[in-house]
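Novice: Here it is: the structure, laid out below.
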Amino acid sequence: STTHKEGTVFVTKPSHPINIKVHDCSYQDQLHPARDFQPDPDFYYSENCEGLWVCVSKACGPEILERACKLTRAVFKPEMRELWGKFRSPLWAKDAGPMRLVVLDNRSGEESGIVPELQDESTGRNGTSCPFVFTSREDFDGGVTSWKEGMLTVHEMTHGMDMVMRQLVDPYLEIEVADLYDKYMPKFCYREPSSREDAKCYAATNRDEFFAECHVILQGIMQKEEVRCCGLGQAAQLERQLPEVVDVLRRFVNDPLDPSVFRN
C-alpha cells in the first residue's frame with residue numbers, strides 16, 4: 001500500500017502518483033471488512049467462476065446460470081475473476097462484498113430490492129450498484145429490446161470490473177481512463193442524420209460509461225445506431241481509432257465474445 005497526500009492509504013500501490021481524491025473503493029480505511037460470501041440457495045442458482053460469483057434468480061431458470069457463467073469465463077481473464085472475489089465494498093454500500101453478477105427475471109418483473117442481501121425498496125434490474133452488477137434474463141435469451149445478447153451484461157460488468165481493478169490492481173486506472181475519455185470523447189459526438197442536430201452517444205456521458213461502451217464495442221456486440229453514426233460500431237474501428245483504450249481493456253478481458261456462449 002501507499003499513502004495518499006491526505007493520509008489515506010490505498011489498498012494497492014498506484015502505478016503513478018495520485019494527488020487527487022479517487023473512488024472510495026481504492027482506500028483501505030473506507031472499506032467494509034472482508035467476509036465469506038455464500039449465495040442464498042433458496043433464491044439463487046449460483047456458481048463461483050474462479051472467484052467471481054454468478055448468482056441467478058431461480059425464476060430465470062438454470063439454463064441462464066450456464067450461459068452467464070460461459071460469458072463470465074469467456075470475457076474475464078482468470079486472474080481478474082479471482083480478484084472479484086476479494087473485492088470489499090466502500091462503507092457507504094449496502095452490502096460488504098464481494099463484487100458479483102446478479103441476474104434477475106424480466107418476465108416476472110423482479111427488481112433489485114428482491115434479492116436476499118437487500119430485501120428493500122430498491123428498484124431497477126439493469127445497473128451496477130456496488131457490489132451488485134445487476135442484469136436481466138433477457139440479455140441471455142434473445143437480447144434486451146433490439147440489442148445483441150450480452151450487450152447489457154458486458155456493459156454493466158465493465159463497471160464492476162472497473163471498481164475491482166481500481167481497488168486491487170491499480171487505483172491510477174481511474175485517472176488513466178478519465179484522461180482517455182477527455183481525449184476521445186469527441187469521437188462519440190455526431191450530427192443526427194434526420195434532424196442534422198448535434199448529438200452525443202451514451203459513451204460521451206462520462207468516464208465510466210465511455211469505458212463500458214468501448215468494451216461492448218471491443219467484444220463485437222455493439223448494436224446502437226448512434227455508435228454506428230460515429231463510425232465506431234465495429235471492434236476494428238475502435239482498435240484503429242482508440243488504440244490506447246483497447247490496450248487498457250485487454251489488460252483485463254479477452255475478446256471478441258463468441259455468440260455460442262448463449263446456447264446451452
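Just so we're on the same page: first chain in the C-alpha cells is A, next is B, and so on; residues restart at 1 for each chain, and ligands are numbered from 1 in the order they show up.
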Can you list every residue in segment 107-175 of chain A that DSSP puts in strand (DSSP E or B), as a PyMOL selection string?

Specialist: chain A and resi 127-129+132-136

Novice: Mind writing the picked residues with all heavy atoms as a short mmCIF file (atom, residue, chain, number, x, y, z; two decimals), in the first residue's frame?

Specialist:
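As a result, out.cif now contains:
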data_model
loop_
_atom_site.label_atom_id
_atom_site.label_comp_id
_atom_site.auth_asym_id
_atom_site.auth_seq_id
_atom_site.Cartn_x
_atom_site.Cartn_y
_atom_site.Cartn_z
N GLY A 127 -28.38 -2.52 -13.94
CA GLY A 127 -27.48 -1.48 -13.49
C GLY A 127 -26.51 -2.01 -12.45
O GLY A 127 -26.69 -3.11 -11.92
N THR A 128 -25.49 -1.22 -12.15
CA THR A 128 -24.48 -1.62 -11.18
C THR A 128 -24.61 -0.75 -9.94
O THR A 128 -24.58 0.47 -10.01
CB THR A 128 -23.07 -1.48 -11.78
OG1 THR A 128 -22.97 -2.34 -12.91
CG2 THR A 128 -21.99 -1.86 -10.77
N SER A 129 -24.78 -1.42 -8.80
CA SER A 129 -24.86 -0.76 -7.50
C SER A 129 -23.93 -1.54 -6.58
O SER A 129 -24.30 -2.58 -6.07
CB SER A 129 -26.30 -0.76 -6.98
OG SER A 129 -26.37 -0.16 -5.71
N PHE A 132 -23.15 -5.07 -6.38
CA PHE A 132 -24.01 -5.86 -7.25
C PHE A 132 -23.92 -5.37 -8.69
O PHE A 132 -24.12 -4.18 -8.95
CB PHE A 132 -25.48 -5.75 -6.82
CG PHE A 132 -25.75 -6.14 -5.40
CD1 PHE A 132 -25.84 -5.18 -4.40
CD2 PHE A 132 -25.92 -7.48 -5.06
CE1 PHE A 132 -26.10 -5.54 -3.08
CE2 PHE A 132 -26.17 -7.85 -3.74
CZ PHE A 132 -26.27 -6.88 -2.75
N VAL A 133 -23.65 -6.27 -9.62
CA VAL A 133 -23.79 -5.99 -11.04
C VAL A 133 -25.08 -6.67 -11.47
O VAL A 133 -25.13 -7.89 -11.64
CB VAL A 133 -22.59 -6.51 -11.84
CG1 VAL A 133 -22.82 -6.30 -13.34
CG2 VAL A 133 -21.31 -5.82 -11.41
N PHE A 134 -26.15 -5.88 -11.58
CA PHE A 134 -27.45 -6.43 -11.92
C PHE A 134 -27.63 -6.46 -13.44
O PHE A 134 -27.33 -5.50 -14.14
CB PHE A 134 -28.57 -5.58 -11.32
CG PHE A 134 -28.72 -5.70 -9.84
CD1 PHE A 134 -28.38 -4.64 -9.00
CD2 PHE A 134 -29.20 -6.87 -9.27
CE1 PHE A 134 -28.53 -4.75 -7.63
CE2 PHE A 134 -29.35 -6.98 -7.90
CZ PHE A 134 -29.01 -5.92 -7.07
N THR A 135 -28.17 -7.56 -13.92
CA THR A 135 -28.54 -7.66 -15.32
C THR A 135 -29.81 -8.49 -15.43
O THR A 135 -30.35 -8.94 -14.42
CB THR A 135 -27.39 -8.24 -16.16
OG1 THR A 135 -27.73 -8.13 -17.56
CG2 THR A 135 -27.12 -9.70 -15.82
N SER A 136 -30.29 -8.66 -16.66
CA SER A 136 -31.61 -9.22 -16.89
C SER A 136 -31.56 -10.52 -17.68
O SER A 136 -30.72 -10.69 -18.57
CB SER A 136 -32.45 -8.19 -17.64
OG SER A 136 -33.77 -8.63 -17.83
#

Novice: Mind checking which residues fall within 12 Å of segment 73-81 of chain A, counting only C-alpha atoms, ignoring those fewer than 5 positions away in the same chain, and posting them as a PyMOL selection string?

Specialist: chain A and resi 47-54+66-68+86-87+98-101+150+153-155+157-158+160-169+215-216+218-220+249-262

Novice: Selected residues, N, CA and C atoms, written as a compact mmCIF listing (two decimals), in the first residue's frame, please.

Specialist:
# COMPACT_ATOMS: atom_id res chain seq x y z
N GLU A 47 -22.90 -20.09 -9.09
CA GLU A 47 -21.64 -20.77 -9.35
C GLU A 47 -20.51 -19.78 -9.15
N ASN A 48 -19.45 -20.25 -8.52
CA ASN A 48 -18.26 -19.42 -8.36
C ASN A 48 -17.33 -19.67 -9.54
N CYS A 49 -17.18 -18.66 -10.38
CA CYS A 49 -16.33 -18.76 -11.57
C CYS A 49 -14.91 -18.35 -11.21
N GLU A 50 -14.25 -19.21 -10.42
CA GLU A 50 -12.86 -18.98 -10.01
C GLU A 50 -12.69 -17.63 -9.31
N GLY A 51 -13.62 -17.32 -8.44
CA GLY A 51 -13.57 -16.09 -7.66
C GLY A 51 -14.75 -15.18 -7.90
N LEU A 52 -15.24 -15.16 -9.12
CA LEU A 52 -16.34 -14.27 -9.48
C LEU A 52 -17.66 -15.03 -9.34
N TRP A 53 -18.47 -14.64 -8.37
CA TRP A 53 -19.76 -15.30 -8.15
C TRP A 53 -20.77 -14.85 -9.21
N VAL A 54 -21.42 -15.82 -9.82
CA VAL A 54 -22.55 -15.58 -10.71
C VAL A 54 -23.80 -16.10 -9.99
N GLU A 66 -26.00 -21.24 -16.64
CA GLU A 66 -24.97 -21.82 -17.52
C GLU A 66 -24.47 -20.78 -18.52
N ARG A 67 -25.39 -20.03 -19.11
CA ARG A 67 -24.99 -19.03 -20.10
C ARG A 67 -24.23 -17.88 -19.46
N ALA A 68 -24.67 -17.44 -18.29
CA ALA A 68 -23.99 -16.34 -17.60
C ALA A 68 -22.57 -16.73 -17.20
N LYS A 86 -12.28 -11.03 -4.04
CA LYS A 86 -11.55 -10.37 -2.95
C LYS A 86 -11.98 -8.93 -2.74
N PHE A 87 -12.88 -8.46 -3.60
CA PHE A 87 -13.30 -7.05 -3.52
C PHE A 87 -14.11 -6.78 -2.26
N PRO A 98 -18.45 -9.77 -1.85
CA PRO A 98 -17.59 -9.29 -2.94
C PRO A 98 -18.40 -8.73 -4.12
N MET A 99 -17.69 -8.22 -5.12
CA MET A 99 -18.35 -7.83 -6.35
C MET A 99 -18.88 -9.08 -7.04
N ARG A 100 -20.11 -9.03 -7.53
CA ARG A 100 -20.71 -10.22 -8.12
C ARG A 100 -21.77 -9.86 -9.17
N LEU A 101 -22.03 -10.83 -10.03
CA LEU A 101 -23.06 -10.69 -11.05
C LEU A 101 -24.36 -11.28 -10.54
N GLY A 150 -25.95 -10.18 -24.58
CA GLY A 150 -24.73 -9.88 -23.86
C GLY A 150 -24.39 -8.42 -23.76
N THR A 153 -25.08 -7.04 -20.18
CA THR A 153 -24.25 -7.66 -19.16
C THR A 153 -22.79 -7.24 -19.28
N VAL A 154 -22.27 -7.22 -20.49
CA VAL A 154 -20.88 -6.79 -20.68
C VAL A 154 -20.72 -5.33 -20.24
N HIS A 155 -21.68 -4.49 -20.60
CA HIS A 155 -21.62 -3.09 -20.19
C HIS A 155 -21.57 -2.97 -18.66
N MET A 157 -20.96 -5.29 -16.35
CA MET A 157 -19.81 -5.96 -15.73
C MET A 157 -18.53 -5.14 -15.89
N THR A 158 -18.49 -4.27 -16.89
CA THR A 158 -17.34 -3.37 -17.01
C THR A 158 -17.29 -2.41 -15.83
N GLY A 160 -18.39 -3.06 -12.82
CA GLY A 160 -17.90 -3.84 -11.70
C GLY A 160 -16.41 -4.08 -11.80
N MET A 161 -15.95 -4.50 -12.98
CA MET A 161 -14.53 -4.73 -13.22
C MET A 161 -13.71 -3.48 -12.91
N ASP A 162 -14.22 -2.33 -13.34
CA ASP A 162 -13.53 -1.06 -13.15
C ASP A 162 -13.25 -0.81 -11.67
N MET A 163 -14.25 -1.04 -10.82
CA MET A 163 -14.05 -0.84 -9.37
C MET A 163 -13.10 -1.88 -8.79
N VAL A 164 -13.24 -3.13 -9.21
CA VAL A 164 -12.36 -4.19 -8.71
C VAL A 164 -10.91 -3.87 -9.06
N MET A 165 -10.65 -3.46 -10.28
CA MET A 165 -9.29 -3.20 -10.70
C MET A 165 -8.72 -1.95 -10.04
N ARG A 166 -9.55 -0.95 -9.80
CA ARG A 166 -9.06 0.24 -9.10
C ARG A 166 -8.70 -0.07 -7.66
N GLN A 167 -9.37 -1.07 -7.07
CA GLN A 167 -9.04 -1.43 -5.69
C GLN A 167 -7.85 -2.36 -5.62
N LEU A 168 -7.79 -3.36 -6.50
CA LEU A 168 -6.87 -4.49 -6.30
C LEU A 168 -5.77 -4.61 -7.34
N VAL A 169 -5.81 -3.78 -8.40
CA VAL A 169 -4.74 -3.79 -9.39
C VAL A 169 -4.00 -2.46 -9.40
N HIS A 215 -15.95 -1.18 -24.19
CA HIS A 215 -15.80 -2.62 -24.00
C HIS A 215 -16.83 -3.39 -24.81
N VAL A 216 -18.06 -2.91 -24.84
CA VAL A 216 -19.10 -3.57 -25.64
C VAL A 216 -18.68 -3.59 -27.12
N LEU A 218 -15.63 -3.50 -28.31
CA LEU A 218 -14.49 -4.41 -28.45
C LEU A 218 -14.94 -5.86 -28.50
N GLN A 219 -16.00 -6.20 -27.77
CA GLN A 219 -16.49 -7.59 -27.77
C GLN A 219 -17.26 -7.95 -29.02
N GLY A 220 -17.49 -6.97 -29.90
CA GLY A 220 -18.16 -7.25 -31.16
C GLY A 220 -19.66 -7.38 -31.04
N LEU A 249 -8.28 -2.09 -21.94
CA LEU A 249 -9.29 -3.14 -21.77
C LEU A 249 -8.65 -4.52 -21.85
N ARG A 250 -7.72 -4.71 -22.75
CA ARG A 250 -7.12 -6.04 -22.93
C ARG A 250 -6.20 -6.45 -21.80
N ARG A 251 -5.92 -5.57 -20.89
CA ARG A 251 -5.22 -5.99 -19.68
C ARG A 251 -6.11 -6.91 -18.84
N PHE A 252 -7.41 -6.74 -18.98
CA PHE A 252 -8.35 -7.40 -18.07
C PHE A 252 -9.28 -8.40 -18.75
N VAL A 253 -9.49 -8.26 -20.07
CA VAL A 253 -10.51 -9.05 -20.74
C VAL A 253 -9.96 -9.75 -21.98
N ASN A 254 -10.68 -10.80 -22.39
CA ASN A 254 -10.46 -11.45 -23.68
C ASN A 254 -11.53 -10.96 -24.66
N ASP A 255 -11.20 -10.94 -25.94
CA ASP A 255 -12.17 -10.53 -26.96
C ASP A 255 -11.84 -11.26 -28.26
N PRO A 256 -12.82 -11.35 -29.18
CA PRO A 256 -14.23 -10.97 -29.08
C PRO A 256 -15.06 -12.05 -28.40
N LEU A 257 -16.28 -11.69 -28.04
CA LEU A 257 -17.20 -12.64 -27.41
C LEU A 257 -17.79 -13.58 -28.44
N ASP A 258 -17.71 -14.88 -28.18
CA ASP A 258 -18.27 -15.91 -29.06
C ASP A 258 -19.77 -16.04 -28.79
N PRO A 259 -20.62 -15.82 -29.79
CA PRO A 259 -22.08 -15.92 -29.58
C PRO A 259 -22.54 -17.27 -29.05
N SER A 260 -21.73 -18.32 -29.20
CA SER A 260 -22.14 -19.64 -28.74
C SER A 260 -22.31 -19.71 -27.22
N VAL A 261 -21.81 -18.71 -26.49
CA VAL A 261 -22.00 -18.74 -25.02
C VAL A 261 -23.47 -18.65 -24.66
N PHE A 262 -24.30 -18.16 -25.58
CA PHE A 262 -25.72 -18.01 -25.26
C PHE A 262 -26.55 -19.21 -25.66

Novice: Find the residues near Cys60 of chain A: any atom within 9 Å, counting only C-alpha atoms, skip ones fewer than 5 places away on the same chain, and give them as a list in words.

Specialist: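 These residues fall inside the cut-off: Tyr45, Leu65, Val103, Leu104, Asp105, Asn106, Arg107, Ser136 and Arg137 of chain A.
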
Novice: Once you have the residues from the selection above, write them out as a PDB file, in the first residue's frame, restricted to N, CA, C and O atoms.

Specialist:
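What follows is the written file out-v9.pdb:
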ATOM      1  N   TYR A  45     -29.770 -19.814  -8.190  1.00  0.00           N
ATOM      2  CA  TYR A  45     -28.833 -20.770  -8.758  1.00  0.00           C
ATOM      3  C   TYR A  45     -27.509 -20.007  -8.815  1.00  0.00           C
ATOM      4  O   TYR A  45     -27.482 -18.857  -9.265  1.00  0.00           O
ATOM      5  N   LEU A  65     -28.081 -19.596 -15.737  1.00  0.00           N
ATOM      6  CA  LEU A  65     -26.834 -19.684 -14.981  1.00  0.00           C
ATOM      7  C   LEU A  65     -25.715 -20.208 -15.873  1.00  0.00           C
ATOM      8  O   LEU A  65     -24.598 -19.675 -15.877  1.00  0.00           O
ATOM      9  N   VAL A 103     -28.317 -11.933 -11.863  1.00  0.00           N
ATOM     10  CA  VAL A 103     -29.251 -11.932 -12.988  1.00  0.00           C
ATOM     11  C   VAL A 103     -30.668 -12.074 -12.438  1.00  0.00           C
ATOM     12  O   VAL A 103     -30.967 -13.028 -11.709  1.00  0.00           O
ATOM     13  N   LEU A 104     -31.536 -11.130 -12.805  1.00  0.00           N
ATOM     14  CA  LEU A 104     -32.931 -11.150 -12.353  1.00  0.00           C
ATOM     15  C   LEU A 104     -33.861 -11.404 -13.534  1.00  0.00           C
ATOM     16  O   LEU A 104     -33.480 -11.231 -14.691  1.00  0.00           O
ATOM     17  N   ASP A 105     -35.076 -11.811 -13.213  1.00  0.00           N
ATOM     18  CA  ASP A 105     -36.029 -12.257 -14.227  1.00  0.00           C
ATOM     19  C   ASP A 105     -36.913 -11.108 -14.697  1.00  0.00           C
ATOM     20  O   ASP A 105     -37.743 -10.596 -13.939  1.00  0.00           O
ATOM     21  N   ASN A 106     -36.768 -10.723 -15.958  1.00  0.00           N
ATOM     22  CA  ASN A 106     -37.597  -9.660 -16.518  1.00  0.00           C
ATOM     23  C   ASN A 106     -39.035 -10.112 -16.717  1.00  0.00           C
ATOM     24  O   ASN A 106     -39.975  -9.306 -16.636  1.00  0.00           O
ATOM     25  N   ARG A 107     -39.255 -11.404 -16.936  1.00  0.00           N
ATOM     26  CA  ARG A 107     -40.602 -11.892 -17.236  1.00  0.00           C
ATOM     27  C   ARG A 107     -41.540 -11.724 -16.057  1.00  0.00           C
ATOM     28  O   ARG A 107     -42.728 -11.413 -16.222  1.00  0.00           O
ATOM     29  N   SER A 136     -30.288  -8.665 -16.659  1.00  0.00           N
ATOM     30  CA  SER A 136     -31.614  -9.224 -16.886  1.00  0.00           C
ATOM     31  C   SER A 136     -31.560 -10.521 -17.676  1.00  0.00           C
ATOM     32  O   SER A 136     -30.718 -10.689 -18.574  1.00  0.00           O
ATOM     33  N   ARG A 137     -32.475 -11.432 -17.354  1.00  0.00           N
ATOM     34  CA  ARG A 137     -32.537 -12.726 -18.029  1.00  0.00           C
ATOM     35  C   ARG A 137     -32.552 -12.589 -19.548  1.00  0.00           C
ATOM     36  O   ARG A 137     -31.905 -13.354 -20.269  1.00  0.00           O
TER      37      ARG A 137
END
